[in-house]
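Here is run_0.cif, consisting of mmCIF, C-alpha atoms:
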```cif
data_final
loop_
_atom_site.label_atom_id
_atom_site.label_comp_id
_atom_site.auth_asym_id
_atom_site.auth_seq_id
_atom_site.Cartn_x
_atom_site.Cartn_y
_atom_site.Cartn_z
CA ASP L 5 -34.04 148.90 19.41
CA TRP L 6 -35.30 152.42 20.01
CA LYS L 7 -35.10 153.90 23.50
CA LYS L 8 -36.85 156.96 24.92
CA VAL L 9 -34.82 160.18 24.93
CA VAL L 10 -34.59 161.35 28.54
CA GLY L 11 -32.21 164.32 28.27
CA SER L 12 -33.02 168.01 28.63
CA GLU L 13 -33.46 168.24 24.85
CA ALA L 14 -36.72 166.24 25.13
CA TRP L 15 -38.73 169.09 26.60
CA MET L 16 -42.35 170.13 26.72
CA PRO L 17 -43.61 173.76 26.95
CA ALA L 18 -44.19 173.50 30.71
CA ASP L 19 -40.49 172.64 31.16
CA LEU L 20 -39.45 175.84 29.38
CA GLU L 21 -41.85 177.96 31.41
CA LYS L 22 -40.54 176.49 34.66
CA ASP L 23 -36.84 176.69 33.77
CA ARG L 24 -35.90 179.61 31.54
CA SER L 25 -32.19 178.82 31.35
CA TRP L 26 -32.64 178.71 27.56
CA GLU L 27 -32.95 182.53 27.74
CA ILE L 28 -29.55 184.26 27.91
CA GLY L 29 -29.11 187.95 28.63
CA VAL L 30 -26.18 189.91 27.19
CA ASP L 31 -24.75 192.08 29.97
CA SER L 32 -23.16 195.50 29.44
CA ALA L 33 -19.62 194.09 29.57
CA ALA L 34 -20.33 191.58 26.78
CA GLN L 35 -22.10 194.27 24.74
CA ALA L 36 -19.09 196.58 25.03
CA GLU L 37 -16.68 193.80 24.04
CA LEU L 38 -18.77 192.86 20.99
CA ILE L 39 -18.85 196.49 19.84
CA GLU L 40 -15.07 196.72 20.40
CA ALA L 41 -14.52 193.59 18.30
CA LEU L 42 -16.78 195.04 15.59
CA LYS L 43 -14.87 198.33 15.54
CA GLY L 44 -11.58 196.44 15.29
CA ALA L 45 -12.78 194.41 12.30
CA MET L 46 -14.15 197.52 10.59
CA SER L 47 -10.94 199.50 11.17
CA ARG L 48 -8.94 196.73 9.50
CA GLY L 49 -11.33 196.68 6.56
CA VAL L 50 -12.07 193.00 6.98
CA GLN L 51 -15.01 191.88 4.86
CA LEU L 52 -17.67 189.58 6.28
CA ALA L 53 -16.62 186.62 4.10
CA GLU L 54 -13.05 186.94 5.35
CA ILE L 55 -13.79 186.98 9.08
CA GLY L 56 -12.72 184.03 11.17
CA ALA L 57 -12.63 183.70 14.95
CA GLY L 58 -9.13 185.20 14.99
CA ASP L 59 -10.35 188.31 13.16
CA PHE L 60 -13.04 188.90 15.78
CA PRO L 61 -11.34 188.43 19.17
CA LEU L 62 -13.71 188.34 22.13
CA GLY L 63 -13.11 189.69 25.60
CA PRO L 64 -13.87 187.46 28.61
CA ALA L 65 -17.54 188.45 28.95
CA ALA L 66 -18.32 187.96 25.24
CA ALA L 67 -16.33 184.70 25.18
CA ASP L 68 -18.44 183.48 28.11
CA LEU L 69 -21.56 184.42 26.14
CA ALA L 70 -20.36 182.30 23.18
CA ARG L 71 -19.62 179.40 25.55
CA ARG L 72 -23.11 179.58 27.07
CA ILE L 73 -24.69 179.58 23.61
CA VAL L 74 -22.73 176.47 22.58
CA GLU L 75 -23.56 174.65 25.81
CA GLY L 76 -27.25 175.53 25.57
CA VAL L 77 -27.54 174.33 21.99
CA ARG L 78 -25.35 171.25 22.31
CA ASP L 79 -25.99 170.06 25.87
CA GLY L 80 -29.10 171.93 27.02
CA ARG L 81 -32.55 172.37 25.51
CA GLY L 82 -31.15 172.36 21.97
CA PHE L 83 -31.78 176.08 21.44
CA VAL L 84 -31.22 179.43 23.16
CA VAL L 85 -32.73 182.89 22.85
CA VAL L 86 -30.15 185.62 23.45
CA ARG L 87 -31.65 188.88 24.70
CA GLY L 88 -29.86 192.22 24.37
CA MET L 89 -27.46 191.89 21.46
CA PRO L 90 -26.03 195.32 20.53
CA SER L 91 -28.27 196.80 17.83
CA GLU L 92 -28.96 200.42 18.80
CA GLY L 93 -27.27 202.76 16.32
CA LEU L 94 -25.91 199.95 14.17
CA SER L 95 -26.65 199.72 10.47
CA ALA L 96 -27.93 196.40 9.13
CA GLN L 97 -24.49 195.78 7.63
CA ASP L 98 -22.78 196.45 10.98
CA ALA L 99 -25.21 194.13 12.77
CA GLU L 100 -24.52 191.40 10.21
CA LEU L 101 -20.79 191.77 10.77
CA LEU L 102 -21.17 191.64 14.55
CA SER L 103 -23.46 188.61 14.45
CA TRP L 104 -21.17 186.80 11.98
CA GLY L 105 -18.12 187.51 14.12
CA LEU L 106 -19.76 186.11 17.24
CA CYS L 107 -20.98 183.05 15.35
CA GLN L 108 -17.42 182.27 14.27
CA HIS L 109 -16.86 181.37 17.94
CA ILE L 110 -19.89 179.07 17.93
CA GLY L 111 -19.26 176.89 14.88
CA ASN L 112 -18.20 176.76 11.23
CA CYS L 113 -20.43 179.18 9.32
CA VAL L 114 -21.65 178.09 5.87
CA SER L 115 -23.53 179.73 3.00
CA GLN L 116 -27.32 179.96 3.01
CA ASN L 117 -28.21 179.07 -0.57
CA LYS L 118 -27.00 178.30 -4.09
CA ASP L 119 -25.92 181.94 -4.51
CA ALA L 120 -23.47 181.43 -1.61
CA ALA L 121 -25.13 184.15 0.46
CA LEU L 122 -23.55 184.07 3.91
CA VAL L 123 -26.35 186.02 5.56
CA ALA L 124 -29.95 185.88 4.36
CA THR L 125 -32.43 188.70 5.02
CA VAL L 126 -35.69 187.41 6.47
CA MET L 127 -38.41 189.70 5.15
CA ASP L 128 -41.31 189.72 2.71
CA HIS L 129 -39.92 190.30 -0.78
CA GLY L 130 -43.25 189.49 -2.38
CA GLN L 131 -43.92 186.82 -4.99
CA LYS L 132 -44.00 188.09 -8.55
CA LYS L 133 -45.97 186.31 -11.24
CA GLY L 134 -43.85 183.93 -13.28
CA VAL L 135 -40.99 184.00 -10.78
CA LYS L 136 -39.98 180.72 -9.20
CA LEU L 137 -41.05 180.30 -5.57
CA GLN L 138 -38.49 181.73 -3.20
CA ARG L 139 -37.16 180.21 -0.03
CA GLY L 140 -39.66 180.37 2.82
CA TYR L 141 -37.93 183.26 4.59
CA GLY L 142 -38.48 185.52 1.55
CA SER L 143 -42.26 185.80 1.89
CA ASN L 144 -44.84 186.53 4.56
CA LYS L 145 -46.31 183.04 4.39
CA GLU L 146 -46.39 181.09 7.64
CA LEU L 147 -43.70 178.43 7.78
CA GLU L 148 -44.61 175.00 9.07
CA LEU L 149 -42.43 173.51 11.78
CA HIS L 150 -39.33 172.04 10.14
CA ILE L 151 -35.65 171.30 10.71
CA ASP L 152 -33.03 173.23 8.75
CA LEU L 153 -30.15 171.59 6.92
CA THR L 154 -27.29 172.65 9.18
CA ASP L 155 -26.52 171.54 12.72
CA VAL L 156 -27.20 175.03 14.10
CA VAL L 157 -29.17 177.94 12.65
CA GLY L 158 -29.05 181.52 13.91
CA LEU L 159 -31.51 184.39 13.53
CA LEU L 160 -30.86 187.97 14.68
CA CYS L 161 -33.89 190.27 14.95
CA LEU L 162 -33.17 193.86 13.89
CA ARG L 163 -36.72 195.08 13.29
CA GLN L 164 -39.85 193.16 14.19
CA SER L 165 -42.85 193.48 11.89
CA PRO L 166 -45.77 195.64 13.11
CA ALA L 167 -47.86 192.52 13.63
CA SER L 168 -45.11 191.15 15.89
CA PRO L 169 -45.82 187.49 15.12
CA PRO L 170 -44.52 184.96 17.64
CA SER L 171 -41.89 182.35 16.88
CA LEU L 172 -42.74 178.71 17.38
CA ILE L 173 -40.36 175.90 18.35
CA SER L 174 -40.87 172.25 19.18
CA SER L 175 -38.57 169.48 20.40
CA SER L 176 -38.04 166.78 17.78
CA MET L 177 -36.87 164.53 20.61
CA SER L 178 -40.24 164.91 22.35
CA VAL L 179 -41.90 164.11 19.02
CA PHE L 180 -39.71 161.00 18.79
CA ASN L 181 -40.80 159.97 22.30
CA GLN L 182 -44.45 160.40 21.31
CA PHE L 183 -43.90 158.05 18.38
CA LEU L 184 -42.40 155.50 20.80
CA GLU L 185 -45.29 155.83 23.22
CA GLU L 186 -48.22 156.00 20.80
CA ARG L 187 -47.16 154.80 17.34
CA PRO L 188 -43.97 152.72 17.47
CA ASP L 189 -45.20 150.92 14.37
CA LEU L 190 -44.61 154.10 12.34
CA LEU L 191 -40.95 154.55 13.37
CA GLN L 192 -39.78 152.19 10.62
CA VAL L 193 -41.16 154.67 8.06
CA GLY L 194 -38.96 157.40 9.56
CA LEU L 195 -35.96 155.09 9.68
CA GLU L 196 -36.27 154.23 5.97
CA GLY L 197 -36.30 157.95 5.19
CA PHE L 198 -37.21 159.96 2.11
CA GLN L 199 -35.66 161.66 -0.87
CA TRP L 200 -35.66 165.46 -0.71
CA ASP L 201 -36.31 168.03 -3.42
CA ARG L 202 -33.37 170.40 -3.84
CA LEU L 203 -35.77 173.18 -4.91
CA GLY L 204 -33.54 174.26 -7.78
CA GLU L 205 -30.48 174.71 -5.58
CA HIS L 206 -28.31 172.19 -7.35
CA ALA L 207 -25.67 172.18 -10.08
CA ALA L 208 -26.60 171.46 -13.70
CA TRP L 209 -25.05 167.98 -13.50
CA GLU L 210 -26.78 167.06 -10.24
CA SER L 211 -30.15 165.43 -9.71
CA PRO L 212 -32.96 167.87 -8.75
CA ILE L 213 -33.74 165.52 -5.87
CA THR L 214 -31.38 163.73 -3.50
CA PRO L 215 -30.38 160.37 -5.04
CA TYR L 216 -30.44 158.88 -1.54
CA ARG L 217 -32.99 158.62 1.25
CA VAL L 218 -32.59 160.84 4.30
CA PRO L 219 -33.82 159.18 7.52
CA VAL L 220 -36.22 161.28 9.58
CA PHE L 221 -34.89 159.66 12.74
CA SER L 222 -31.48 158.04 13.13
CA VAL L 223 -29.07 157.11 15.91
CA ALA L 224 -25.32 157.74 15.96
CA GLN L 225 -23.12 157.08 18.98
CA GLY L 226 -26.19 156.68 21.14
CA LYS L 227 -27.67 160.06 20.14
CA VAL L 228 -30.99 160.33 18.34
CA SER L 229 -31.08 162.93 15.56
CA CYS L 230 -33.89 164.18 13.36
CA ARG L 231 -34.14 165.71 9.89
CA TYR L 232 -37.61 166.76 8.79
CA ASN L 233 -39.22 169.11 6.28
CA ARG L 234 -42.53 167.83 4.93
CA PHE L 235 -42.66 170.32 2.06
CA TRP L 236 -39.23 169.39 0.66
CA ILE L 237 -40.06 165.68 0.89
CA SER L 238 -43.55 165.99 -0.63
CA SER L 239 -42.12 168.15 -3.40
CA ALA L 240 -39.61 165.42 -4.27
CA HIS L 241 -42.37 162.82 -4.50
CA ALA L 242 -44.42 165.14 -6.71
CA ARG L 243 -41.40 165.68 -8.98
CA MET L 244 -40.93 161.88 -9.23
CA ASN L 245 -44.68 161.44 -9.84
CA LYS L 246 -44.57 159.00 -6.95
CA PRO L 247 -47.41 159.65 -4.47
CA LEU L 248 -46.71 159.06 -0.81
CA THR L 249 -48.21 155.84 0.52
CA PRO L 250 -51.05 156.01 3.06
CA LEU L 251 -48.60 154.80 5.73
CA GLN L 252 -46.12 157.56 4.85
CA GLU L 253 -48.88 160.18 4.96
CA GLU L 254 -49.90 158.78 8.35
CA PHE L 255 -46.31 159.18 9.56
CA PHE L 256 -46.23 162.82 8.43
CA ASP L 257 -49.62 163.59 9.96
CA PHE L 258 -48.61 162.11 13.31
CA PHE L 259 -45.29 163.99 13.26
CA ASP L 260 -46.96 167.34 12.52
CA LYS L 261 -49.70 166.80 15.09
CA ALA L 262 -47.20 165.84 17.81
CA ALA L 263 -44.91 168.77 16.98
CA LYS L 264 -47.71 171.33 17.04
CA ALA L 265 -49.24 169.93 20.23
CA SER L 266 -45.92 170.32 22.07
CA ALA L 267 -44.80 173.61 20.48
CA PHE L 268 -43.58 176.56 22.55
CA GLU L 269 -44.29 180.16 21.57
CA PHE L 270 -41.87 183.03 22.19
CA ARG L 271 -41.22 186.55 20.94
CA LEU L 272 -38.21 188.03 19.20
CA ASP L 273 -37.68 191.78 19.42
CA SER L 274 -34.91 194.09 18.26
CA GLY L 275 -31.59 192.87 19.63
CA ASP L 276 -32.78 189.30 20.26
CA MET L 277 -31.02 186.37 18.63
CA TYR L 278 -32.37 182.85 18.35
#
```
If you took the structure in this file and wrote it as structure tokens, what would it be?
Amino acid sequence: DWKKVVGSEAWMPADLEKDRSWEIGVDSAAQAELIEALKGAMSRGVQLAEIGAGDFPLGPAAADLARRIVEGVRDGRGFVVVRGMPSEGLSAQDAELLSWGLCQHIGNCVSQNKDAALVATVMDHGQKKGVKLQRGYGSNKELELHIDLTDVVGLLCLRQSPASPPSLISSSMSVFNQFLEERPDLLQVGLEGFQWDRLGEHAAWESPITPYRVPVFSVAQGKVSCRYNRFWISSAHARMNKPLTPLQEEFFDFFDKAAKASAFEFRLDSGDMY
């Protein structure tokens, strides 16, 4: 028995314009403490892969910043944009180390891909002929709205492209509510879920697609959650030579339309972290 999500995570763009608590500024005290923690880690020769929260101790202002990030993501709108992370005069490697150290106080950091890369560089690497398609963040192609595989994803902007394209975000909980209001008959499709293509990021003995179905919407302990990436799902069906049914296509089309209609646009500049 599905119920409408009424928490702050079920937002619409007008809500974010009216209440910008999702935007967190890094004050000078927190900036200084983050730089101090970075210098300490560098002086001890600690490598990025070795850093835990204890290797990157935060002062009170930076610790409060980490707390506000966690609360915003977990109990607030479901995302935050941090403005003013230290970046001036830092190399890309230093910035990675600083960001990684702060994130150790936010959650358990995991690798990005099958190569166990802990930090992925988001930039256009081009697509060479005969080379397998790269992950979406490795090209300049526009990414459709999707949900990543971890509970929390972080992105630190060091240099914005000359075109300065905006970032786009939508609330999956608002999308869920739109299903309830307009197409409750389609929710069963999301509940049944889909197999996902692993896009080559699997071991030799593993199936190239998930052997199980992943629900698009599910409920655990009274909380609705969502896992959605149309490309990965469609790719799995193509690999299985199993076309999506008209009802499944209708579910996807409604999801995409609802997400785009309620999407919020914002900018990321140097020193901003999503």
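Take the PyMOL selection byres ((chain L and resi 67-84) around 7) and apply it to this file: it picks Ser12, Glu13, Trp26, Glu27, Ile28, Leu62, Gly63, Pro64, Ala65, Ala66, Val85, Val86, His109, Ile110 and Tyr278 of chain L.
Counting from atom CA of Trp6 of chain L, the distance to atom CA of Ser176 of chain L is 14.8 Å.
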Nearest candidate to Val220 of chain L (options L:Leu203, L:His241, L:Ile151, L:Glu185; using only C-alpha atoms): L:Ile151
From the options L:Ala120, L:Ala99, L:Cys230, L:Met89, which residue's atoms come nearest to Asp152 of chain L, counting all atoms listed in the file? L:Cys230
Taking all listed atoms of segment 159-176 of chain L, build the axis-aligned box, pad each of the six sides by 4 Å, then write its centre and edge lengths in Å to one decimal as lines of an AutoDock Vina configuration file.
```
center_x = -39.4
center_y = 181.2
center_z = 16.1
size_x = 25.0
size_y = 36.9
size_z = 16.5
```
Find the residues of segment 155-209 of chain L that sit at most 9 Å from segment 14-25 of chain L; for each, write down the nearest two atoms and how far apart they are in Å, to one decimal. Count all atoms listed in the file. Sort by chain, then by number going up, and give it as JSON lines.
```
{"residue": "L:Ser174", "atom": "CA", "partner": "L:Met16", "partner_atom": "CA", "distance": 8.0}
{"residue": "L:Ser175", "atom": "CA", "partner": "L:Ala14", "partner_atom": "CA", "distance": 6.0}
{"residue": "L:Ser176", "atom": "CA", "partner": "L:Ala14", "partner_atom": "CA", "distance": 7.5}
{"residue": "L:Met177", "atom": "CA", "partner": "L:Ala14", "partner_atom": "CA", "distance": 4.8}
{"residue": "L:Ser178", "atom": "CA", "partner": "L:Ala14", "partner_atom": "CA", "distance": 4.7}
{"residue": "L:Val179", "atom": "CA", "partner": "L:Ala14", "partner_atom": "CA", "distance": 8.3}
{"residue": "L:Phe180", "atom": "CA", "partner": "L:Ala14", "partner_atom": "CA", "distance": 8.8}
{"residue": "L:Asn181", "atom": "CA", "partner": "L:Ala14", "partner_atom": "CA", "distance": 8.0}
```
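Nearest to Thr154 of chain L of all the residues L:Leu101, L:Cys113, L:Ile39, L:Met46 is L:Cys113, based on only C-alpha atoms.
Straight-line separation from atom CA of Leu160 of chain L to atom CA of Ala265 of chain L: 26.3 Å.
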For atom CA of Gln182 of chain L and atom CA of Phe235 of chain L, the interatomic separation in Å (one decimal): 21.7 Å
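Nearest residue to Gln252 of chain L among L:Gly275, L:Gly194, L:Gly105, L:Gly204 is L:Gly194, counting only C-alpha atoms.
Using the PyMOL selection byres ((chain L and resi 96) around 12) on the file at hand returns these residues: L:Pro90, L:Ser91, L:Glu92, L:Gly93, L:Leu94, L:Ser95, L:Gln97, L:Asp98, L:Ala99, L:Glu100, L:Leu101, L:Leu102, L:Ser103, L:Val123, L:Ala124, L:Thr125, L:Leu160, L:Cys161, L:Leu162, L:Arg163, L:Ser274, L:Gly275.
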